[in-house]
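Structure first, commentary second.
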Amino acid sequence: MDAQTNSDAAANPELAGEHEVRREPYATEPTAAAGQTGAGVAAGARAADGARAAGGARAAGGARPDFVLGGTLTVRRLGFGTGGLVGPGYWGPRHADPARSLALLRRAVDRGVTLIDTADNYGPDVAEELVARALHPYPAGVVIATKGGVVRTGPDVWHVAGRPEHLRAMCDASLRRLRTDTIDLYQLHRLDPDVPMAEQLGTLVELQQAGKIRHIGLDSIDAAELARARELAPIASVQNRYNVLDRASEDVLELCERTGTAFLPWFPLGHGTLTGAPGTRTATPSPTPPPAADALTTIAAAHGATTGQIALAWLLHRSPALLPTPGTGSPDHLDENLAADRIALTEAELGLLDALGTPVG
């Protein structure tokens, strides 16, 4: 979910503090967007085919095994995030001509992407509508993940909204926008501190039992919260910040590995710093520390790759539970990102990269 160049970073909301939620009082009902309900993708066409999920030793190179999400949906581990298709502050469309975004989504699927990561508040509504316009009826094997539980009322202004009635309304609106009867993966974008976790997850379980959600995920949680959540609901995924320099969620990743839970790292390219092109916001992210920059540059040169590709390749090597979904608005950068899963890092290179990050927290 990162941009690749300065111009990309300036316009790419995947880098623009997507997860820096302003906890302001939420007093309005979520708006249901227009959309036509249609048939969802048959789960049988995407059933697990023997590909392994989490666990086991990491490979130093070669073909990356797929991941079986929730035990039923087999996905390529390198996916595509749609935050780059909306404007700065996650407000409005990124491109004046929607055909550019539609072509990019179709290109991603044509290039083998099977996991599309979106959210109802990207735009708001814009990203989900683009996904449906570009890909519906969804090809067999394509898994759509979206998020609810946060309402946006302006650029970079978020409101956490985890009350049961809000979550039900958000899920129904996403179903309409995505033109499907069942959402493959519905992730709670934030736990609402003012609503008991049991009520929030209980609502998602009810939606799952009603056939509106296939699998449940959580965004931005710690290991203790994940352990508790697993007692309340079947959790198929976690979406936390994690990259080669930022290991604050290492304990969450370890729990995901032990339980076969997918871990979708946001800011996989370190808010653009790992590409050599930091994003532009009111607070510009710090540049990559010199030792890390030197290591990434040296390894990238050895593979004829970019530093961003090495950062993504490291994630794919680091753990079979990691499913990065970098986003961009550029076809060239999409191709660059997807090529990262062909990079076979050596054990020496992995050791050097492993040493760059220090767990925090």
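Going by the structure tokens order, chains are called A, B, ..., each with residues numbered from 1, while ligands are numbered from 1 in the order shown.
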Item to check | Sel. of strand (DSSP E or B) residues, region 41-248 of chain A, as a VMD selection string | outcome: chain A and resid 67 to 69 73 to 75 80 to 81 86 91 93 115 to 117 123 143 to 148 150 to 154 157 to 160 183 to 188 213 to 219 235 to 239 241 246
Next on the checklist: With only C-alpha atoms as the counted atoms, please give the residues lying no more than 9 Å from Leu255 (chain A), apart from itself and same-chain residues fewer than 6 positions off, as a list of chain:residue names.
Outcome noted: A:Ala223, A:Leu226, A:Ala227, A:Thr261
Item to check | Non-local contacts of Gly149 (chain A) (9 Å; only C-alpha atoms; under 5 positions in same chain excluded) as a PyMOL selection string | outcome: chain A and resi 120+159-163+166-167+170+187-192
Would you save the residues from that selection as a tab-separated table (two decimals), in the first residue's frame, using all heavy atoms?
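That gives us out-v2.tsv:
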```
chain	number	residue	atom	x	y	z
A	120	ASP	N	-14.41	0.57	2.50
A	120	ASP	CA	-15.57	1.39	2.16
A	120	ASP	C	-15.26	2.88	2.23
A	120	ASP	O	-15.85	3.68	1.51
A	120	ASP	CB	-16.76	1.05	3.06
A	120	ASP	CG	-16.50	1.25	4.55
A	120	ASP	OD1	-15.37	1.65	4.93
A	120	ASP	OD2	-17.43	1.01	5.35
A	159	HIS	N	-13.62	8.69	11.66
A	159	HIS	CA	-14.40	8.50	12.87
A	159	HIS	C	-14.58	6.99	13.05
A	159	HIS	O	-15.09	6.31	12.15
A	159	HIS	CB	-15.77	9.15	12.78
A	159	HIS	CG	-15.73	10.56	12.25
A	159	HIS	ND1	-15.66	11.66	13.07
A	159	HIS	CD2	-15.73	11.03	10.98
A	159	HIS	CE1	-15.63	12.76	12.33
A	159	HIS	NE2	-15.68	12.40	11.06
A	160	VAL	N	-14.16	6.47	14.16
A	160	VAL	CA	-14.35	5.05	14.44
A	160	VAL	C	-15.82	4.82	14.77
A	160	VAL	O	-16.41	5.56	15.57
A	160	VAL	CB	-13.46	4.59	15.60
A	160	VAL	CG1	-13.68	3.11	15.90
A	160	VAL	CG2	-12.00	4.86	15.28
A	161	ALA	N	-16.42	3.81	14.17
A	161	ALA	CA	-17.86	3.57	14.32
A	161	ALA	C	-18.11	2.07	14.39
A	161	ALA	O	-18.38	1.42	13.38
A	161	ALA	CB	-18.64	4.19	13.16
A	162	GLY	N	-18.03	1.52	15.59
A	162	GLY	CA	-18.15	0.07	15.75
A	162	GLY	C	-19.43	-0.41	16.38
A	162	GLY	O	-19.53	-1.59	16.75
A	163	ARG	N	-20.41	0.47	16.49
A	163	ARG	CA	-21.69	0.00	17.02
A	163	ARG	C	-22.34	-0.99	16.05
A	163	ARG	O	-22.19	-0.86	14.82
A	163	ARG	CB	-22.62	1.19	17.27
A	163	ARG	CG	-22.19	2.06	18.46
A	163	ARG	CD	-22.89	3.39	18.48
A	163	ARG	NE	-24.35	3.26	18.38
A	163	ARG	CZ	-25.18	4.29	18.23
A	163	ARG	NH1	-24.68	5.53	18.15
A	163	ARG	NH2	-26.47	4.10	18.17
A	166	HIS	N	-24.14	0.32	13.01
A	166	HIS	CA	-23.26	0.92	12.02
A	166	HIS	C	-22.58	-0.16	11.18
A	166	HIS	O	-22.51	-0.06	9.95
A	166	HIS	CB	-22.20	1.79	12.70
A	166	HIS	CG	-22.75	2.99	13.40
A	166	HIS	ND1	-22.13	3.59	14.48
A	166	HIS	CD2	-23.90	3.70	13.20
A	166	HIS	CE1	-22.85	4.62	14.89
A	166	HIS	NE2	-23.93	4.70	14.13
A	167	LEU	N	-22.07	-1.20	11.84
A	167	LEU	CA	-21.37	-2.26	11.12
A	167	LEU	C	-22.30	-2.97	10.14
A	167	LEU	O	-21.91	-3.29	9.02
A	167	LEU	CB	-20.76	-3.26	12.10
A	167	LEU	CG	-19.66	-2.69	13.02
A	167	LEU	CD1	-19.17	-3.77	13.98
A	167	LEU	CD2	-18.49	-2.15	12.18
A	170	MET	N	-22.86	-0.63	7.17
A	170	MET	CA	-21.65	-0.54	6.35
A	170	MET	C	-21.46	-1.79	5.50
A	170	MET	O	-21.11	-1.71	4.32
A	170	MET	CB	-20.42	-0.34	7.24
A	170	MET	CG	-20.36	1.00	7.93
A	170	MET	SD	-18.95	1.05	9.07
A	170	MET	CE	-19.23	2.64	9.85
A	187	GLN	N	-12.95	-6.95	6.94
A	187	GLN	CA	-12.05	-6.64	8.04
A	187	GLN	C	-12.56	-5.44	8.83
A	187	GLN	O	-12.95	-4.42	8.24
A	187	GLN	CB	-10.64	-6.35	7.50
A	187	GLN	CG	-10.08	-7.53	6.71
A	187	GLN	CD	-8.70	-7.25	6.16
A	187	GLN	OE1	-7.70	-7.68	6.70
A	187	GLN	NE2	-8.65	-6.52	5.06
A	188	LEU	N	-12.55	-5.54	10.15
A	188	LEU	CA	-12.92	-4.43	11.01
A	188	LEU	C	-11.75	-3.46	11.01
A	188	LEU	O	-10.67	-3.77	11.50
A	188	LEU	CB	-13.21	-4.94	12.41
A	188	LEU	CG	-13.74	-3.92	13.42
A	188	LEU	CD1	-15.05	-3.32	12.95
A	188	LEU	CD2	-13.91	-4.57	14.79
A	189	HIS	N	-11.99	-2.27	10.42
A	189	HIS	CA	-10.89	-1.33	10.19
A	189	HIS	C	-10.28	-0.83	11.48
A	189	HIS	O	-9.09	-0.48	11.52
A	189	HIS	CB	-11.39	-0.16	9.34
A	189	HIS	CG	-10.38	0.38	8.41
A	189	HIS	ND1	-10.69	1.06	7.26
A	189	HIS	CD2	-9.03	0.33	8.42
A	189	HIS	CE1	-9.59	1.41	6.62
A	189	HIS	NE2	-8.58	0.99	7.32
A	190	ARG	N	-11.05	-0.73	12.53
A	190	ARG	CA	-10.56	-0.40	13.85
A	190	ARG	C	-11.51	-0.96	14.90
A	190	ARG	O	-12.73	-0.94	14.71
A	190	ARG	CB	-10.48	1.13	14.08
A	190	ARG	CG	-9.33	1.82	13.41
A	190	ARG	CD	-7.99	1.35	13.97
A	190	ARG	NE	-6.91	2.11	13.39
A	190	ARG	CZ	-6.40	1.90	12.17
A	190	ARG	NH1	-6.90	0.95	11.41
A	190	ARG	NH2	-5.40	2.63	11.74
A	191	LEU	N	-10.96	-1.45	15.98
A	191	LEU	CA	-11.79	-1.77	17.13
A	191	LEU	C	-12.25	-0.45	17.75
A	191	LEU	O	-11.45	0.44	17.98
A	191	LEU	CB	-11.00	-2.59	18.15
A	191	LEU	CG	-10.77	-4.06	17.83
A	191	LEU	CD1	-9.74	-4.65	18.79
A	191	LEU	CD2	-12.08	-4.84	17.91
A	192	ASP	N	-13.53	-0.34	18.00
A	192	ASP	CA	-14.07	0.86	18.61
A	192	ASP	C	-13.88	0.76	20.13
A	192	ASP	O	-14.43	-0.15	20.77
A	192	ASP	CB	-15.56	0.98	18.27
A	192	ASP	CG	-16.14	2.32	18.66
A	192	ASP	OD1	-15.67	2.92	19.65
A	192	ASP	OD2	-17.09	2.78	17.98
```
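Within region 280-326 of chain A, the backbone-based DSSP assignment of helix (DSSP H, G or I) covers Pro290, Pro291, Ala292, Ala293, Asp294, Ala295, Leu296, Thr297, Thr298, Ile299, Ala300, Ala301, Ala302, His303, Thr307, Gly308, Gln309, Ile310, Ala311, Leu312, Ala313, Trp314, Leu315, Leu316, His317 and Arg318 of chain A.
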Could you name the residues that touch region 102-112 of chain A at 7 Å or less, counting only C-alpha atoms, but leaving out those on the same chain fewer than 3 positions away, as a PDB file with N, CA and C atoms, in the first residue's frame?
```
ATOM      1  N   PRO A  98     -11.907   7.838 -14.760  1.00  0.00           N
ATOM      2  CA  PRO A  98     -11.930   6.551 -14.058  1.00  0.00           C
ATOM      3  C   PRO A  98     -11.403   5.400 -14.888  1.00  0.00           C
ATOM      4  N   ALA A  99     -11.339   5.569 -16.214  1.00  0.00           N
ATOM      5  CA  ALA A  99     -10.845   4.484 -17.068  1.00  0.00           C
ATOM      6  C   ALA A  99      -9.428   4.092 -16.688  1.00  0.00           C
ATOM      7  N   LEU A 130     -15.064   1.268  -7.987  1.00  0.00           N
ATOM      8  CA  LEU A 130     -14.117   1.007  -9.066  1.00  0.00           C
ATOM      9  C   LEU A 130     -13.838  -0.482  -9.196  1.00  0.00           C
ATOM     10  N   ALA A 134     -14.634  -2.531 -12.572  1.00  0.00           N
ATOM     11  CA  ALA A 134     -13.522  -3.124 -13.321  1.00  0.00           C
ATOM     12  C   ALA A 134     -13.615  -4.637 -13.407  1.00  0.00           C
ATOM     13  N   LEU A 135     -14.066  -5.279 -12.347  1.00  0.00           N
ATOM     14  CA  LEU A 135     -13.879  -6.730 -12.243  1.00  0.00           C
ATOM     15  C   LEU A 135     -15.163  -7.549 -12.186  1.00  0.00           C
ATOM     16  N   PRO A 331       0.635   1.969 -13.837  1.00  0.00           N
ATOM     17  CA  PRO A 331       0.834   0.624 -14.390  1.00  0.00           C
ATOM     18  C   PRO A 331       2.276   0.150 -14.278  1.00  0.00           C
TER      19      PRO A 331
END
```
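For the pair CA of Pro324 (chain A) and CA of His215 (chain A), the interatomic distance is 18.1 Å.
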Next on the checklist: Neighbouring residues of Pro291 (chain A) were defined as those with any atom within 9 Å, considering only C-alpha atoms; residues of the same chain fewer than 4 positions away were excluded. Please report them as an NGL selection string.
Outcome noted: :A and (295-296 or 356)
With N, CA and C atoms retained, export the selected residues as an mmCIF file, in the first residue's frame.
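Once everything was written out, this is part.cif:
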```
data_model
loop_
_atom_site.group_PDB
_atom_site.id
_atom_site.type_symbol
_atom_site.label_atom_id
_atom_site.label_comp_id
_atom_site.auth_asym_id
_atom_site.auth_seq_id
_atom_site.Cartn_x
_atom_site.Cartn_y
_atom_site.Cartn_z
ATOM 1 N N ALA A 295 22.167 -1.047 2.678
ATOM 2 C CA ALA A 295 21.905 -2.472 2.508
ATOM 3 C C ALA A 295 20.903 -2.711 1.388
ATOM 4 N N LEU A 296 19.819 -1.941 1.390
ATOM 5 C CA LEU A 296 18.804 -2.112 0.354
ATOM 6 C C LEU A 296 19.370 -1.796 -1.024
ATOM 7 N N LEU A 356 18.117 -5.317 10.118
ATOM 8 C CA LEU A 356 17.807 -3.876 10.011
ATOM 9 C C LEU A 356 16.684 -3.449 10.931
#
```
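Take CA of Glu336 (chain A) and CA of Leu78 (chain A): the distance between them is 11.9 Å.
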Can you build me a table of region 194-269 of chain A residues sitting at most 12 Å from region 139-145 of chain A, with the closest atom pair per residue and its distance in Å to one decimal, using only C-alpha atoms, sorted by chain and residue number, as JSON lines?
```
{"residue": "A:Ile213", "atom": "CA", "partner": "A:Ala145", "partner_atom": "CA", "distance": 10.1}
{"residue": "A:Arg214", "atom": "CA", "partner": "A:Ala145", "partner_atom": "CA", "distance": 10.0}
{"residue": "A:His215", "atom": "CA", "partner": "A:Ala145", "partner_atom": "CA", "distance": 9.2}
{"residue": "A:Ile216", "atom": "CA", "partner": "A:Ala145", "partner_atom": "CA", "distance": 9.6}
{"residue": "A:Gly217", "atom": "CA", "partner": "A:Ala145", "partner_atom": "CA", "distance": 9.1}
{"residue": "A:Leu218", "atom": "CA", "partner": "A:Ala145", "partner_atom": "CA", "distance": 11.4}
{"residue": "A:Ala236", "atom": "CA", "partner": "A:Ala145", "partner_atom": "CA", "distance": 11.2}
{"residue": "A:Ser237", "atom": "CA", "partner": "A:Ala145", "partner_atom": "CA", "distance": 10.1}
{"residue": "A:Val238", "atom": "CA", "partner": "A:Ala145", "partner_atom": "CA", "distance": 11.7}
{"residue": "A:Gln239", "atom": "CA", "partner": "A:Ala145", "partner_atom": "CA", "distance": 11.1}
{"residue": "A:Leu264", "atom": "CA", "partner": "A:Ala145", "partner_atom": "CA", "distance": 10.7}
```
Next on the checklist: List as a ChimeraX atom specification the protein and nucleic acid residues near Gly351 (chain A), meaning an atom at most 12 Å away when only C-alpha atoms are counted, but skip any in the same chain fewer than 6 places from it.
Outcome noted: /A:60,244,295,299,314,317-318,345,357
Export, as a tab-separated table (two decimals), in the first residue's frame, the selected residues with N, CA and C atoms.
```tsv
chain	number	residue	atom	x	y	z
A	60	ALA	N	14.54	-19.56	0.71
A	60	ALA	CA	15.45	-18.49	0.31
A	60	ALA	C	15.14	-17.99	-1.08
A	244	VAL	N	10.35	-4.03	6.50
A	244	VAL	CA	11.71	-4.46	6.82
A	244	VAL	C	12.33	-3.63	7.94
A	295	ALA	N	22.17	-1.05	2.68
A	295	ALA	CA	21.91	-2.47	2.51
A	295	ALA	C	20.90	-2.71	1.39
A	299	ILE	N	21.84	-4.65	-2.15
A	299	ILE	CA	21.14	-5.88	-2.52
A	299	ILE	C	20.33	-5.68	-3.79
A	314	TRP	N	11.63	-9.21	0.66
A	314	TRP	CA	11.96	-9.59	2.04
A	314	TRP	C	10.70	-10.02	2.79
A	317	HIS	N	9.79	-13.48	1.84
A	317	HIS	CA	10.70	-14.45	2.42
A	317	HIS	C	10.51	-14.57	3.93
A	318	ARG	N	10.17	-13.45	4.56
A	318	ARG	CA	10.17	-13.37	6.03
A	318	ARG	C	9.23	-14.39	6.66
A	345	LEU	N	16.18	-13.99	-2.71
A	345	LEU	CA	17.23	-13.45	-1.83
A	345	LEU	C	18.05	-14.59	-1.24
A	357	GLY	N	15.74	-4.33	11.15
A	357	GLY	CA	14.57	-3.96	11.93
A	357	GLY	C	14.69	-4.36	13.38
```
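A straight line drawn from CA of Pro320 (chain A) to CA of Val150 (chain A) is 29.1 Å long.
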Checklist entry - Could you name the residues that touch Cys171 (chain A) at 10 Å or less, counting only C-alpha atoms, but leaving out those on the same chain fewer than 2 positions away, as a count of residues only? => result 22
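You can rank A:Thr180, A:Val151, A:Arg258, A:Arg342 by their closest distance to Asp125 (chain A) using only C-alpha atoms, and at the top of that list sits A:Val151.
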